[in-house]
file coords16.pdb (PDB, C-alpha atoms, pLDDT in the B column)
ATOM      1  CA  MET A   1     -18.261   7.612  -6.915  1.00 69.00           C
ATOM      2  CA  LYS A   2     -18.537   9.979  -9.864  1.00 55.00           C
ATOM      3  CA  LEU A   3     -21.767  11.524 -10.927  1.00 46.00           C
ATOM      4  CA  LYS A   4     -23.442   9.048 -13.144  1.00 42.00           C
ATOM      5  CA  ASN A   5     -25.778   9.637 -16.033  1.00 38.00           C
ATOM      6  CA  GLY A   6     -28.167   7.212 -17.601  1.00 38.00           C
ATOM      7  CA  ILE A   7     -31.621   6.418 -16.298  1.00 36.00           C
ATOM      8  CA  PRO A   8     -34.605   4.586 -17.799  1.00 38.00           C
ATOM      9  CA  SER A   9     -36.704   6.727 -20.135  1.00 38.00           C
ATOM     10  CA  MET A  10     -39.756   5.855 -18.040  1.00 38.00           C
ATOM     11  CA  ILE A  11     -38.252   7.824 -15.184  1.00 41.00           C
ATOM     12  CA  LEU A  12     -37.650  10.806 -17.446  1.00 42.00           C
ATOM     13  CA  ILE A  13     -41.255  10.764 -18.569  1.00 39.00           C
ATOM     14  CA  CYS A  14     -42.453  10.570 -14.975  1.00 43.00           C
ATOM     15  CA  GLY A  15     -40.140  13.463 -14.190  1.00 45.00           C
ATOM     16  CA  MET A  16     -42.325  15.771 -16.250  1.00 43.00           C
ATOM     17  CA  LEU A  17     -44.820  15.632 -13.384  1.00 44.00           C
ATOM     18  CA  LEU A  18     -42.356  17.479 -11.109  1.00 56.00           C
ATOM     19  CA  VAL A  19     -44.139  20.020  -8.913  1.00 51.00           C
ATOM     20  CA  THR A  20     -42.699  23.356  -7.874  1.00 50.00           C
ATOM     21  CA  ASP A  21     -44.479  24.056  -4.582  1.00 50.00           C
ATOM     22  CA  LYS A  22     -44.464  21.711  -1.620  1.00 54.00           C
ATOM     23  CA  THR A  23     -47.603  23.291  -0.210  1.00 45.00           C
ATOM     24  CA  VAL A  24     -49.445  21.534  -3.019  1.00 45.00           C
ATOM     25  CA  MET A  25     -48.346  18.222  -1.564  1.00 45.00           C
ATOM     26  CA  GLY A  26     -48.661  19.288   2.065  1.00 45.00           C
ATOM     27  CA  GLN A  27     -45.147  18.056   2.830  1.00 53.00           C
ATOM     28  CA  ASN A  28     -42.009  19.624   4.267  1.00 66.00           C
ATOM     29  CA  THR A  29     -39.497  16.798   3.972  1.00 89.00           C
ATOM     30  CA  ASN A  30     -36.877  16.406   1.246  1.00 95.00           C
ATOM     31  CA  PRO A  31     -37.562  13.192  -0.735  1.00 96.00           C
ATOM     32  CA  PHE A  32     -33.873  12.787  -1.575  1.00 96.00           C
ATOM     33  CA  MET A  33     -33.052  12.421   2.117  1.00 94.00           C
ATOM     34  CA  GLU A  34     -35.385   9.444   2.449  1.00 94.00           C
ATOM     35  CA  THR A  35     -35.558   5.930   1.030  1.00 93.00           C
ATOM     36  CA  TYR A  36     -37.715   5.790  -2.089  1.00 93.00           C
ATOM     37  CA  ASN A  37     -40.818   3.829  -1.166  1.00 92.00           C
ATOM     38  CA  THR A  38     -41.782   3.291  -4.785  1.00 93.00           C
ATOM     39  CA  PRO A  39     -41.942   0.381  -7.257  1.00 94.00           C
ATOM     40  CA  TYR A  40     -38.444  -0.470  -8.466  1.00 92.00           C
ATOM     41  CA  GLY A  41     -37.014   2.473  -6.525  1.00 91.00           C
ATOM     42  CA  VAL A  42     -38.215   4.997  -9.091  1.00 94.00           C
ATOM     43  CA  PRO A  43     -37.737   8.576  -7.824  1.00 94.00           C
ATOM     44  CA  PRO A  44     -41.000   9.980  -6.378  1.00 94.00           C
ATOM     45  CA  PHE A  45     -41.366  12.848  -8.830  1.00 92.00           C
ATOM     46  CA  ASP A  46     -44.773  13.730  -7.414  1.00 92.00           C
ATOM     47  CA  LYS A  47     -43.035  14.666  -4.157  1.00 94.00           C
ATOM     48  CA  ILE A  48     -39.847  16.277  -5.501  1.00 95.00           C
ATOM     49  CA  THR A  49     -39.949  20.050  -5.804  1.00 95.00           C
ATOM     50  CA  ILE A  50     -37.509  22.607  -7.191  1.00 95.00           C
ATOM     51  CA  PRO A  51     -36.356  23.772  -3.719  1.00 96.00           C
ATOM     52  CA  ASP A  52     -35.322  20.193  -2.853  1.00 97.00           C
ATOM     53  CA  PHE A  53     -32.349  20.094  -5.213  1.00 97.00           C
ATOM     54  CA  ILE A  54     -29.826  22.550  -3.782  1.00 97.00           C
ATOM     55  CA  PRO A  55     -30.088  21.320  -0.148  1.00 97.00           C
ATOM     56  CA  ALA A  56     -29.781  17.722  -1.399  1.00 97.00           C
ATOM     57  CA  PHE A  57     -26.747  18.593  -3.531  1.00 97.00           C
ATOM     58  CA  GLN A  58     -25.067  20.371  -0.628  1.00 97.00           C
ATOM     59  CA  GLU A  59     -25.823  17.612   1.865  1.00 97.00           C
ATOM     60  CA  GLY A  60     -24.677  14.997  -0.660  1.00 97.00           C
ATOM     61  CA  MET A  61     -21.324  16.740  -1.129  1.00 97.00           C
ATOM     62  CA  LYS A  62     -20.949  17.120   2.627  1.00 97.00           C
ATOM     63  CA  GLN A  63     -21.614  13.439   3.260  1.00 97.00           C
ATOM     64  CA  GLN A  64     -19.235  12.313   0.539  1.00 97.00           C
ATOM     65  CA  GLN A  65     -16.468  14.584   1.787  1.00 97.00           C
ATOM     66  CA  GLN A  66     -16.901  13.181   5.285  1.00 97.00           C
ATOM     67  CA  ALA A  67     -16.672   9.632   3.920  1.00 97.00           C
ATOM     68  CA  VAL A  68     -13.580  10.486   1.870  1.00 97.00           C
ATOM     69  CA  THR A  69     -11.912  12.143   4.866  1.00 97.00           C
ATOM     70  CA  ALA A  70     -12.519   9.007   6.926  1.00 97.00           C
ATOM     71  CA  ILE A  71     -10.843   6.920   4.202  1.00 97.00           C
ATOM     72  CA  TYR A  72      -7.575   8.841   3.940  1.00 96.00           C
ATOM     73  CA  ARG A  73      -7.260   9.568   7.659  1.00 96.00           C
ATOM     74  CA  GLN A  74      -7.451   5.958   8.761  1.00 94.00           C
ATOM     75  CA  ARG A  75      -4.174   4.448   9.925  1.00 93.00           C
ATOM     76  CA  SER A  76      -4.780   0.949   8.645  1.00 95.00           C
ATOM     77  CA  VAL A  77      -2.851  -0.369   5.654  1.00 96.00           C
ATOM     78  CA  PRO A  78      -4.629   0.531   2.400  1.00 96.00           C
ATOM     79  CA  THR A  79      -6.616  -2.397   1.010  1.00 96.00           C
ATOM     80  CA  PHE A  80      -9.054  -2.882  -1.808  1.00 97.00           C
ATOM     81  CA  GLN A  81     -11.924  -3.008   0.670  1.00 96.00           C
ATOM     82  CA  ASN A  82     -11.094  -0.086   2.973  1.00 97.00           C
ATOM     83  CA  THR A  83      -9.988   2.247   0.187  1.00 97.00           C
ATOM     84  CA  ILE A  84     -11.307   1.373  -3.269  1.00 97.00           C
ATOM     85  CA  VAL A  85     -14.664  -0.081  -2.231  1.00 97.00           C
ATOM     86  CA  ALA A  86     -15.138   2.569   0.456  1.00 97.00           C
ATOM     87  CA  LEU A  87     -14.472   5.274  -2.118  1.00 97.00           C
ATOM     88  CA  GLU A  88     -16.845   3.699  -4.638  1.00 96.00           C
ATOM     89  CA  GLU A  89     -19.610   3.562  -2.034  1.00 96.00           C
ATOM     90  CA  SER A  90     -19.172   7.179  -0.972  1.00 95.00           C
ATOM     91  CA  GLY A  91     -21.467   9.831  -2.365  1.00 93.00           C
ATOM     92  CA  LYS A  92     -24.669   7.800  -2.510  1.00 95.00           C
ATOM     93  CA  LEU A  93     -26.878  10.804  -1.760  1.00 96.00           C
ATOM     94  CA  LEU A  94     -24.981  12.965  -4.252  1.00 97.00           C
ATOM     95  CA  ASN A  95     -25.426  10.342  -6.960  1.00 96.00           C
ATOM     96  CA  LYS A  96     -29.079  10.048  -6.014  1.00 95.00           C
ATOM     97  CA  VAL A  97     -29.898  13.721  -6.523  1.00 97.00           C
ATOM     98  CA  SER A  98     -27.521  14.127  -9.478  1.00 96.00           C
ATOM     99  CA  THR A  99     -29.127  11.283 -11.405  1.00 95.00           C
ATOM    100  CA  VAL A 100     -32.560  12.859 -11.094  1.00 96.00           C
ATOM    101  CA  PHE A 101     -31.467  16.457 -11.618  1.00 96.00           C
ATOM    102  CA  PHE A 102     -29.243  16.084 -14.667  1.00 93.00           C
ATOM    103  CA  ASN A 103     -31.587  13.726 -16.486  1.00 90.00           C
ATOM    104  CA  LEU A 104     -34.537  15.954 -15.676  1.00 91.00           C
ATOM    105  CA  SER A 105     -32.750  19.137 -16.745  1.00 88.00           C
ATOM    106  CA  SER A 106     -31.785  17.393 -20.002  1.00 84.00           C
ATOM    107  CA  ALA A 107     -35.255  16.042 -20.777  1.00 83.00           C
ATOM    108  CA  ASN A 108     -37.573  18.667 -19.323  1.00 84.00           C
ATOM    109  CA  THR A 109     -35.627  21.739 -18.264  1.00 85.00           C
ATOM    110  CA  SER A 110     -36.988  25.046 -16.995  1.00 90.00           C
ATOM    111  CA  PRO A 111     -35.574  28.475 -16.046  1.00 91.00           C
ATOM    112  CA  GLU A 112     -35.547  27.321 -12.409  1.00 95.00           C
ATOM    113  CA  LEU A 113     -33.545  24.176 -13.198  1.00 94.00           C
ATOM    114  CA  GLU A 114     -31.150  26.156 -15.397  1.00 93.00           C
ATOM    115  CA  ALA A 115     -30.536  28.594 -12.543  1.00 94.00           C
ATOM    116  CA  ILE A 116     -29.722  25.694 -10.214  1.00 96.00           C
ATOM    117  CA  SER A 117     -27.346  24.275 -12.830  1.00 94.00           C
ATOM    118  CA  LYS A 118     -25.429  27.547 -12.990  1.00 93.00           C
ATOM    119  CA  GLN A 119     -25.191  27.735  -9.222  1.00 94.00           C
ATOM    120  CA  MET A 120     -24.137  24.138  -8.689  1.00 95.00           C
ATOM    121  CA  ALA A 121     -21.723  23.668 -11.614  1.00 94.00           C
ATOM    122  CA  PRO A 122     -18.714  25.383  -9.981  1.00 94.00           C
ATOM    123  CA  GLU A 123     -19.516  23.835  -6.595  1.00 96.00           C
ATOM    124  CA  LEU A 124     -19.654  20.324  -8.050  1.00 96.00           C
ATOM    125  CA  SER A 125     -16.451  20.980  -9.991  1.00 95.00           C
ATOM    126  CA  LYS A 126     -14.666  22.021  -6.789  1.00 96.00           C
ATOM    127  CA  HIS A 127     -16.076  19.041  -4.926  1.00 97.00           C
ATOM    128  CA  SER A 128     -14.741  16.647  -7.564  1.00 96.00           C
ATOM    129  CA  ASP A 129     -11.327  18.329  -7.568  1.00 97.00           C
ATOM    130  CA  ASP A 130     -11.177  18.176  -3.762  1.00 97.00           C
ATOM    131  CA  ILE A 131     -11.432  14.403  -4.046  1.00 97.00           C
ATOM    132  CA  TYR A 132      -9.288  13.638  -7.084  1.00 97.00           C
ATOM    133  CA  LEU A 133      -6.546  16.112  -6.165  1.00 97.00           C
ATOM    134  CA  ASN A 134      -6.326  14.955  -2.545  1.00 97.00           C
ATOM    135  CA  ALA A 135      -2.726  13.775  -2.171  1.00 96.00           C
ATOM    136  CA  ASP A 136      -3.363  11.656   0.937  1.00 97.00           C
ATOM    137  CA  LEU A 137      -6.287   9.882  -0.681  1.00 97.00           C
ATOM    138  CA  PHE A 138      -4.370   9.254  -3.891  1.00 98.00           C
ATOM    139  CA  LYS A 139      -1.481   7.735  -1.918  1.00 97.00           C
ATOM    140  CA  ARG A 140      -3.816   5.073  -0.543  1.00 97.00           C
ATOM    141  CA  VAL A 141      -5.317   4.383  -3.966  1.00 98.00           C
ATOM    142  CA  LYS A 142      -1.840   4.094  -5.485  1.00 97.00           C
ATOM    143  CA  VAL A 143      -0.671   1.655  -2.807  1.00 97.00           C
ATOM    144  CA  VAL A 144      -3.562  -0.670  -3.603  1.00 97.00           C
ATOM    145  CA  TYR A 145      -3.015  -0.250  -7.349  1.00 97.00           C
ATOM    146  CA  ASP A 146       0.736  -0.916  -7.171  1.00 96.00           C
ATOM    147  CA  LYS A 147       0.107  -4.160  -5.274  1.00 94.00           C
ATOM    148  CA  ARG A 148      -2.739  -5.303  -7.525  1.00 92.00           C
ATOM    149  CA  GLU A 149      -0.865  -8.320  -8.896  1.00 90.00           C
ATOM    150  CA  GLY A 150      -0.465  -9.821  -5.440  1.00 86.00           C
ATOM    151  CA  GLN A 151      -4.143  -9.527  -4.580  1.00 88.00           C
ATOM    152  CA  LYS A 152      -6.810 -12.097  -5.311  1.00 90.00           C
ATOM    153  CA  LEU A 153      -9.197  -9.843  -7.176  1.00 95.00           C
ATOM    154  CA  ASN A 154     -11.878 -11.028  -9.566  1.00 95.00           C
ATOM    155  CA  VAL A 155     -12.499  -9.432 -12.962  1.00 96.00           C
ATOM    156  CA  GLU A 156     -14.974  -6.864 -11.631  1.00 97.00           C
ATOM    157  CA  GLN A 157     -12.688  -5.850  -8.773  1.00 97.00           C
ATOM    158  CA  LYS A 158      -9.716  -5.461 -11.101  1.00 96.00           C
ATOM    159  CA  ARG A 159     -11.819  -3.291 -13.378  1.00 97.00           C
ATOM    160  CA  LEU A 160     -12.941  -1.087 -10.490  1.00 97.00           C
ATOM    161  CA  LEU A 161      -9.373  -0.703  -9.210  1.00 97.00           C
ATOM    162  CA  ASP A 162      -8.070   0.196 -12.662  1.00 97.00           C
ATOM    163  CA  LYS A 163     -10.921   2.625 -13.269  1.00 97.00           C
ATOM    164  CA  THR A 164     -10.436   4.312  -9.899  1.00 97.00           C
ATOM    165  CA  TYR A 165      -6.670   4.715 -10.228  1.00 98.00           C
ATOM    166  CA  LYS A 166      -6.833   6.045 -13.787  1.00 97.00           C
ATOM    167  CA  GLY A 167      -9.635   8.385 -12.758  1.00 97.00           C
ATOM    168  CA  PHE A 168      -7.280  10.035 -10.278  1.00 97.00           C
ATOM    169  CA  VAL A 169      -4.384  10.215 -12.736  1.00 97.00           C
ATOM    170  CA  ARG A 170      -6.507  11.656 -15.532  1.00 96.00           C
ATOM    171  CA  SER A 171      -7.952  14.196 -13.116  1.00 96.00           C
ATOM    172  CA  GLY A 172      -4.496  15.531 -12.279  1.00 96.00           C
ATOM    173  CA  ALA A 173      -3.418  13.606  -9.159  1.00 96.00           C
ATOM    174  CA  ASN A 174       0.173  13.363 -10.441  1.00 96.00           C
ATOM    175  CA  LEU A 175       0.464  17.090 -11.220  1.00 96.00           C
ATOM    176  CA  ASN A 176       2.493  19.389  -8.997  1.00 96.00           C
ATOM    177  CA  ALA A 177       0.821  21.985  -6.759  1.00 95.00           C
ATOM    178  CA  ALA A 178       0.991  24.833  -9.285  1.00 97.00           C
ATOM    179  CA  GLN A 179      -0.378  22.637 -12.060  1.00 97.00           C
ATOM    180  CA  GLN A 180      -3.225  21.465  -9.844  1.00 96.00           C
ATOM    181  CA  VAL A 181      -4.222  25.054  -9.105  1.00 96.00           C
ATOM    182  CA  LYS A 182      -4.369  25.652 -12.855  1.00 96.00           C
ATOM    183  CA  MET A 183      -6.330  22.431 -13.317  1.00 95.00           C
ATOM    184  CA  ARG A 184      -8.920  23.572 -10.778  1.00 96.00           C
ATOM    185  CA  ALA A 185      -9.373  26.866 -12.600  1.00 96.00           C
ATOM    186  CA  ILE A 186      -9.749  25.107 -15.944  1.00 95.00           C
ATOM    187  CA  ASN A 187     -12.287  22.645 -14.542  1.00 95.00           C
ATOM    188  CA  LYS A 188     -14.343  25.432 -12.997  1.00 94.00           C
ATOM    189  CA  GLU A 189     -14.375  27.436 -16.228  1.00 95.00           C
ATOM    190  CA  PHE A 190     -15.069  24.351 -18.324  1.00 94.00           C
ATOM    191  CA  SER A 191     -18.034  23.357 -16.165  1.00 92.00           C
ATOM    192  CA  LEU A 192     -19.667  26.743 -16.731  1.00 92.00           C
ATOM    193  CA  LEU A 193     -18.794  26.943 -20.438  1.00 95.00           C
ATOM    194  CA  THR A 194     -20.229  23.476 -21.048  1.00 92.00           C
ATOM    195  CA  LEU A 195     -23.388  24.392 -19.193  1.00 90.00           C
ATOM    196  CA  ASN A 196     -23.812  27.705 -21.021  1.00 92.00           C
ATOM    197  CA  PHE A 197     -23.252  26.064 -24.392  1.00 93.00           C
ATOM    198  CA  GLY A 198     -25.883  23.443 -23.671  1.00 88.00           C
ATOM    199  CA  GLN A 199     -28.410  26.013 -22.523  1.00 88.00           C
ATOM    200  CA  HIS A 200     -27.783  28.273 -25.524  1.00 90.00           C
ATOM    201  CA  LEU A 201     -28.080  25.316 -27.889  1.00 90.00           C
ATOM    202  CA  LEU A 202     -31.359  24.263 -26.274  1.00 87.00           C
ATOM    203  CA  ALA A 203     -32.732  27.809 -26.587  1.00 87.00           C
ATOM    204  CA  GLU A 204     -31.863  27.845 -30.299  1.00 91.00           C
ATOM    205  CA  VAL A 205     -33.517  24.473 -30.870  1.00 88.00           C
ATOM    206  CA  ASN A 206     -36.648  25.555 -28.998  1.00 85.00           C
ATOM    207  CA  SER A 207     -36.936  28.770 -31.005  1.00 90.00           C
ATOM    208  CA  PHE A 208     -36.492  27.089 -34.413  1.00 93.00           C
ATOM    209  CA  GLU A 209     -39.426  27.161 -36.819  1.00 94.00           C
ATOM    210  CA  LEU A 210     -39.760  25.650 -40.272  1.00 91.00           C
ATOM    211  CA  LEU A 211     -42.411  27.414 -42.312  1.00 93.00           C
ATOM    212  CA  ILE A 212     -43.802  25.631 -45.379  1.00 93.00           C
ATOM    213  CA  ASP A 213     -45.534  27.911 -47.896  1.00 94.00           C
ATOM    214  CA  GLN A 214     -45.311  25.718 -50.974  1.00 93.00           C
ATOM    215  CA  GLN A 215     -47.391  22.567 -51.141  1.00 92.00           C
ATOM    216  CA  ALA A 216     -44.812  21.035 -53.451  1.00 93.00           C
ATOM    217  CA  ASP A 217     -42.388  21.019 -50.540  1.00 94.00           C
ATOM    218  CA  LEU A 218     -44.642  18.438 -48.883  1.00 94.00           C
ATOM    219  CA  ALA A 219     -44.369  15.994 -51.780  1.00 94.00           C
ATOM    220  CA  GLY A 220     -43.802  12.452 -50.618  1.00 94.00           C
ATOM    221  CA  LEU A 221     -45.322  12.907 -47.168  1.00 93.00           C
ATOM    222  CA  PRO A 222     -48.379  10.788 -46.263  1.00 93.00           C
ATOM    223  CA  GLU A 223     -51.731  12.588 -46.012  1.00 86.00           C
TER
END
call {"tool": "encode", "arguments": {"input": "coords16.pdb", "output": "structure tokens"}}
result
Amino acid sequence: MKLKNGIPSMILICGMLLVTDKTVMGQNTNPFMETYNTPYGVPPFDKITIPDFIPAFQEGMKQQQQAVTAIYRQRSVPTFQNTIVALEESGKLLNKVSTVFFNLSSANTSPELEAISKQMAPELSKHSDDIYLNADLFKRVKVVYDKREGQKLNVEQKRLLDKTYKGFVRSGANLNAAQQVKMRAINKEFSLLTLNFGQHLLAEVNSFELLIDQQADLAGLPE
């Protein structure tokens, strides 16, 4: 359910071929909204353009929120399948675009990608808080968690249940209303501070130069 990082380095290398104008490709569709028709499901970087990201992010958040709403509004008794699994499977489009965007912006960023990061950081922070601080949703998760010993769950299912429940608790689900408001503000500020720090650090690294004016300083290096 959460945004996930980690993608094969081959994909990152292919991502350097990202184009910025769809007219070059003669296409108007958003690749993130379609099934990847590529070997091993590798993102089609030759079709992804800069303008594709924000609409995909926004649609991904919309779809996940709709899925989450359907989970906590259902009247059926909370179960591992209709609550934990349903929650884990929500946000597929958001994970899809996030995986590409954040790995690409880490490996091969640009002013355009940095601008998108600044725009989306507070929106993604709010989206995450809207899920983890949703009292009705947490109630269902807690019911399943509290009855975990009486359920026939395998090792993987137990791990997912534990991870999901603790994710809510560590994100502030047990805080009172006033504390949650403060938590939201902290998360929003933190998302922007983290982003700004990373971008400033990258700028410093990119501007660094090491000038060698003494041949003796090269001693020990191969020809």
call {"tool": "residues_around", "arguments": {"input": "coords16.pdb", "residues": "A:Tyr165", "least_positions_apart": "4", "cutoff": "7 Å", "atoms": "all atoms listed in the file", "output": "compact mmCIF listing (two decimals) with C-alpha atoms, in the coordinates of the input"}}
result
# COMPACT_ATOMS: atom_id res chain seq x y z
CA VAL A 141 -5.32 4.38 -3.97
CA LYS A 142 -1.84 4.09 -5.48
CA TYR A 145 -3.02 -0.25 -7.35
CA LEU A 161 -9.37 -0.70 -9.21
CA VAL A 169 -4.38 10.22 -12.74
call {"tool": "closest_atom_pairs", "arguments": {"input": "coords16.pdb", "of": "stretch 129-169 of chain A", "to": "stretch 64-84 of chain A", "cutoff": "6 Å", "atoms": "only C-alpha atoms", "output": "JSON lines"}}
result
{"residue": "A:Asp136", "atom": "CA", "partner": "A:Tyr72", "partner_atom": "CA", "distance": 5.9}
{"residue": "A:Leu137", "atom": "CA", "partner": "A:Tyr72", "partner_atom": "CA", "distance": 4.9}
{"residue": "A:Arg140", "atom": "CA", "partner": "A:Pro78", "partner_atom": "CA", "distance": 5.5}
{"residue": "A:Val144", "atom": "CA", "partner": "A:Thr79", "partner_atom": "CA", "distance": 5.8}
call {"tool": "atom_distance", "arguments": {"input": "coords16.pdb", "atom1": "atom CA of A:Asn174", "atom2": "atom CA of A:Ser90"}}
result
22.4 Å
call {"tool": "resolve_selection", "arguments": {"input": "coords16.pdb", "expression": "the PyMOL selection byres ((chain A and resi 200-216) around 12)", "output": "JSON, numbers by chain"}}
result
{"A": [105, 106, 107, 108, 109, 110, 111, 114, 193, 194, 195, 196, 197, 198, 199, 217, 218, 219, 220, 221]}
call {"tool": "residues_around", "arguments": {"input": "coords16.pdb", "residues": "A:Ala56", "least_positions_apart": "5", "cutoff": "8 Å", "atoms": "all atoms listed in the file", "output": "PyMOL selection string"}}
result
chain A and resi 30+32-33+93-94+97
call {"tool": "atom_distance", "arguments": {"input": "coords16.pdb", "atom1": "atom CA of A:Ser191", "atom2": "atom CA of A:Lys118"}}
result
9.1 Å
call {"tool": "decode", "arguments": {"input": "coords16.pdb", "residues": "stretch 205-213 of chain A", "atoms": "all heavy atoms", "output": "CSV table (one decimal), in the first residue's frame"}}
result
chain,number,residue,atom,x,y,z
A,205,VAL,N,26.9,18.3,-4.8
A,205,VAL,CA,27.7,17.2,-5.4
A,205,VAL,C,27.9,17.5,-6.9
A,205,VAL,O,29.1,17.3,-7.3
A,205,VAL,CB,26.9,15.9,-5.2
A,205,VAL,CG1,27.6,14.8,-6.0
A,205,VAL,CG2,26.8,15.5,-3.8
A,206,ASN,N,26.9,18.0,-7.6
A,206,ASN,CA,27.1,18.2,-9.0
A,206,ASN,C,28.0,19.4,-9.3
A,206,ASN,O,28.7,19.4,-10.4
A,206,ASN,CB,25.7,18.5,-9.7
A,206,ASN,CG,24.9,17.3,-9.8
A,206,ASN,OD1,25.4,16.2,-9.7
A,206,ASN,ND2,23.6,17.5,-9.9
A,207,SER,N,28.1,20.3,-8.4
A,207,SER,CA,29.0,21.5,-8.6
A,207,SER,C,30.4,21.3,-8.1
A,207,SER,O,31.3,22.1,-8.3
A,207,SER,CB,28.4,22.7,-7.9
A,207,SER,OG,28.4,22.6,-6.5
A,208,PHE,N,30.7,20.1,-7.4
A,208,PHE,CA,32.0,19.9,-6.9
A,208,PHE,C,33.1,19.6,-7.9
A,208,PHE,O,32.8,18.9,-8.9
A,208,PHE,CB,32.0,18.7,-5.9
A,208,PHE,CG,33.3,18.3,-5.4
A,208,PHE,CD1,33.9,19.0,-4.4
A,208,PHE,CD2,34.0,17.2,-5.9
A,208,PHE,CE1,35.2,18.6,-3.9
A,208,PHE,CE2,35.2,16.8,-5.5
A,208,PHE,CZ,35.8,17.5,-4.5
A,209,GLU,N,34.2,20.2,-7.8
A,209,GLU,CA,35.4,20.0,-8.7
A,209,GLU,C,36.6,19.7,-7.8
A,209,GLU,O,36.8,20.4,-6.8
A,209,GLU,CB,35.6,21.2,-9.6
A,209,GLU,CG,34.5,21.4,-10.6
A,209,GLU,CD,34.8,22.6,-11.5
A,209,GLU,OE1,35.7,23.4,-11.2
A,209,GLU,OE2,34.1,22.8,-12.5
A,210,LEU,N,37.4,18.8,-8.3
A,210,LEU,CA,38.7,18.5,-7.6
A,210,LEU,C,39.8,18.8,-8.6
A,210,LEU,O,39.9,18.1,-9.6
A,210,LEU,CB,38.8,17.1,-7.1
A,210,LEU,CG,40.2,16.7,-6.5
A,210,LEU,CD1,40.4,17.5,-5.3
A,210,LEU,CD2,40.2,15.2,-6.2
A,211,LEU,N,40.5,19.9,-8.4
A,211,LEU,CA,41.6,20.3,-9.3
A,211,LEU,C,42.9,19.8,-8.9
A,211,LEU,O,43.3,20.0,-7.7
A,211,LEU,CB,41.6,21.8,-9.4
A,211,LEU,CG,40.3,22.5,-9.9
A,211,LEU,CD1,40.4,24.0,-10.0
A,211,LEU,CD2,39.9,22.0,-11.3
A,212,ILE,N,43.6,19.1,-9.7
A,212,ILE,CA,45.0,18.6,-9.4
A,212,ILE,C,46.0,19.4,-10.2
A,212,ILE,O,46.0,19.5,-11.4
A,212,ILE,CB,45.1,17.1,-9.8
A,212,ILE,CG1,44.0,16.3,-9.1
A,212,ILE,CG2,46.5,16.6,-9.5
A,212,ILE,CD1,44.1,16.2,-7.6
A,213,ASP,N,46.9,20.1,-9.4
A,213,ASP,CA,47.9,20.9,-10.1
A,213,ASP,C,49.3,20.4,-9.8
A,213,ASP,O,50.3,21.1,-10.2
A,213,ASP,CB,47.8,22.4,-9.8
A,213,ASP,CG,47.8,22.6,-8.3
A,213,ASP,OD1,48.0,21.7,-7.5
A,213,ASP,OD2,47.5,23.8,-7.8
